[in-house]
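Trainee: Structure incoming, see below.
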Amino acid sequence: MLRKVRKKKRFFVVSDSSLEYKEIRRFEAKAIVSVLVVGIVLVILVLSGNSLLGDPLRLGYDILPQVISENQVLKQQIKNLTTEVRGTQQRLESLADRSNELRLMVDLPKIDADTREAAIGGSVAESRFGFLGGEAAELLTASQMLIEKLDREIKLQQASYAEVMKRYEFNKEFFAHLPAIKPVEGYYSVNGFGMRVHPVLRVWRMHEGIDIITDVGANVYATGDGNVRYAGRTQGGYGAVIEISHGYGYSSLYAHLSKTLVKPGQRVKRGELIAKTGRSGLVSGPHLHYEVRYKGRKQNPVDYFFDDVNAARYRAQLATTQKEG
């Protein structure tokens with residue numbers, strides 16, 4: 001059998017004094033160790049010299065204290081900012097209370113504590129600072145959560161105020177159409193609406209409005225904005241009448257007139273002159289019969305009167321407001 005024999009590498013040196021060959025065992029390992037030792041010594045010398053000479057190689061050893069100091073300042077600034085954000089949150093909570101007052105003023109339900117907490121509380125946000133550790137990560141995560149909660153609070157209040165303004169604009173239009181003033185100056189009974197003995201027929205009948213006693217020819221005014229649905233004489237006991245559709249389910253009727261001053265389809269404003277009182281129809285004396293209906297059902301007009309606001313005063317105040325505006 002043939003066997004391969006691995007030849008070992010041998011290195012020899014010649015001694016000048018004796019002219020002999022000397023074998024150096026494990027030469028490669030010793031050479032590598034020597035190179036490493038020399039390299040480490042050189043690196044130490046370079047780093048030491050670089051530090052002594054003011055970091056000409058830009059290795060950053062001279063800015064380490066500055067970085068540590070800046071980190072401390074930044075941490076303190078984050079703490080201060082978090083405190084300011086908490087103060088802003090408290091002021092926003094005060095605005096939330098004011099928002100609820102405004103909601104009640106425009107006939108909207110309040111945002112209760114449970115609804116508010118559900119809208120702004122939310123789940124714990126995933127931290128974006130997982131690469132940091134210790135106090136820095138805790139500070140930044142707490143600030144992140146507080147700012148996100150504040151952002152949700154702001155959005156909630158923005159939505160609430162937008163809803164308030166929308167309802168306010170609706171109310172302005174709605175209130176202008178509501179039949180809310182006396183149509184004519186005169187006397188009336190607060191018990192005029194309901195069952196009573198008819199003054200002419202002398203039988204019990206439902207009186208679906210109120211009678212305002214006044215002379216023939218007194219001015220009759222529209223009690224709210226709307227469109228004239230009917231103006232003229234009727235075949236029943238009401239005589240000459242005007243009916244106005246105010247929208248939003250409301251309408252008003254003015255009866256026993258001597259003269260109508262508007263036409264069907266005409267647009268009228270609250271406080272606008274529409275007729276003259278009289279005694280047309282089945283009446284015992286001059287007066288205005290006035291009715292208010294909501295979704296077709298007769299209402300007691302007295303419930304809609306502001307007795308301290310008559311038509312003439314209302315028109316004067318409205319003219320002043322429009323002039324100032």
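Identifiers in the structure tokens: chain A, B, ... in order shown; residue index from 1 per chain; ligand index from 1 in order shown.
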Skip His287 in chain A itself and residues of its chain fewer than 3 positions away, then list as a list in words all residues within 9 Å of it, counting only C-alpha atoms.
Mentor: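 My reading of the contact set: Gly186, Asp211, Ile212, Ile213, Thr214, Asp215, Val216, Ala255, His256, Leu257, Thr277, Gly278, Arg279, Val283 and Ser284 of chain A.
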Trainee: Expressed in Å to a single decimal, how great is the separation between CA of Arg297 in chain A and CA of Ser252 in chain A?
Mentor: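 A separation of 11.2 Å between them.
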Trainee: How many Å separate CA of Gln266 in chain A from CA of Thr320 in chain A?
Mentor: 24.7 Å
Trainee: At what distance in Å, to one decimal, does CA of Ala218 in chain A lie from CA of Ala316 in chain A?
Mentor: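 Computed distance, CA of Ala316 in chain A to CA of Ala218 in chain A, equals 18.2 Å.
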Trainee: Near Ile181 in chain A, counting only C-alpha atoms, which residues have an atom at most 6 Å away, once you skip same-chain residues fewer than 6 positions from it, shown as a count of residues only?
Mentor: 3
